[in-house]
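Below you'll find the structure, written out as structure tokens, and then a few comments.
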Amino acid sequence: MSEDAGSVTIALESPQQPEVLALFHASDTYHQALYPDESNYLLDPSSLSTDNTRFIVARINGGAVGCGAVVLGNEGSAELKRMWVDARARGTGLGRRLLNELEAIARANSCTILRLEKGVSQPEAISLYKSSGFSVCPPFDDYVEDPLSIFMEKLLR
């Protein structure tokens with residue numbers, strides 16, 4: 001599953017690569033500045049390397065600038081995790097392209113609902129999800145109410 005438009009590619013890759021680990025570090029630093037540890041629900045690279053996870057990397061001219069994962073759940077559900085676009089690629093539509101690819105991966109794996117948890121202090125990300133058809137929902141799976149989190153879901157058709 002690869003998308004190519006000019007110098008941008010989006011493909012399934014391993015999360016355990018130096019360039020991807022650098023993206024995780026940037027994401028971790030950003031989230032740690034916004035939220036206390038107990039409100040950060042970030043998966044580590046080894047958790048993204050499981051059989052039930054599909055991880056993608058966006059590259060511009062070969063360099064990793066974004067990533068995201070779909071964690072396949074039970075009964076047709078999936079969760080969006082670790083979606084991140086590096087500051088140098090923001091405002092280019094790459095976040096929406098990553099999200100579209102992750103949704104396609106969930107559909108290809110027979111998922112009918114895609115869910116996510118996002119921190120309330122990230123209005124741009126929340127806006128992206130809402131404009132892509134996600135709506136607010138109660139906490140799901142092992143999540144509990146958290147005043148610093150918003151939970152969202154989208155039915156996949």
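Going by the structure tokens order, chains are called A, B, ..., each with residues numbered from 1, while ligands are numbered from 1 in the order shown.
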Note to self: Taking 2 positions as the minimum chain separation for residues in the same chain, which residues sit within 9 Å of Lys118 of chain A when counting only C-alpha atoms? Answer as a PyMOL selection string.
What the structure shows: chain A and resi 41+116+120-122+125-126+148-152
Next item on the list: Pick out each residue of chain A that DSSP on the backbone tags as strand (DSSP E); I need them as a ChimeraX atom specification.
Entry: /A:3-5,8-12,53-60,63-72,77-85,113-119,135-136,149-155
Notebook entry, point to check: When you draw a straight line from atom CA of Cys137 of chain A to atom CA of Asn52 of chain A, how long is it in Å?
Noted result: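 Calculated distance between atom CA of Cys137 of chain A and atom CA of Asn52 of chain A is 23.2 Å.
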Margin query: If we count only C-alpha atoms and set the cut-off at 12 Å, which residues sit around Ile10 of chain A, ignoring sequence neighbours fewer than 4 positions away in its own chain? Please answer as an NGL selection string.
Written below: :A and (1-6 or 55-68 or 94-102 or 105)
Next item on the list: Tell me which of A:Ala106, A:Leu48, A:Leu34, A:Val8 sits closest to Gly76 of chain A, counting only C-alpha atoms.
Entry: A:Ala106
Note to self: Can you tell me, as a PyMOL selection string, which residues in chain A count as helix (DSSP H, G or I) by DSSP?
What the structure shows: chain A and resi 18-34+37-39+45-49+87-89+94-108+123-131
Next item on the list: Have a look at atom CA of Glu38 of chain A and atom CA of Ala78 of chain A and let me know their distance in Å, one decimal.
Entry: 22.5 Å
Checklist line | For atom CA of His25 of chain A and atom CA of Arg115 of chain A, the interatomic separation in Å (one decimal) | finding: 23.6 Å
Notebook entry, point to check: Taking into account only C-alpha atoms, which residue in the set A:Leu155, A:Leu128, A:Cys111, A:Leu42 is nearest to Gly91 of chain A?
Noted result: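 Nearest to Gly91 of chain A: A:Leu128.
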Note to self: List as a ChimeraX atom specification the protein and nucleic acid residues near Leu21 of chain A, meaning an atom at most 10 Å away when only C-alpha atoms are counted, but skip any in the same chain fewer than 6 places from it.
What the structure shows: /A:15,27,44-45,64
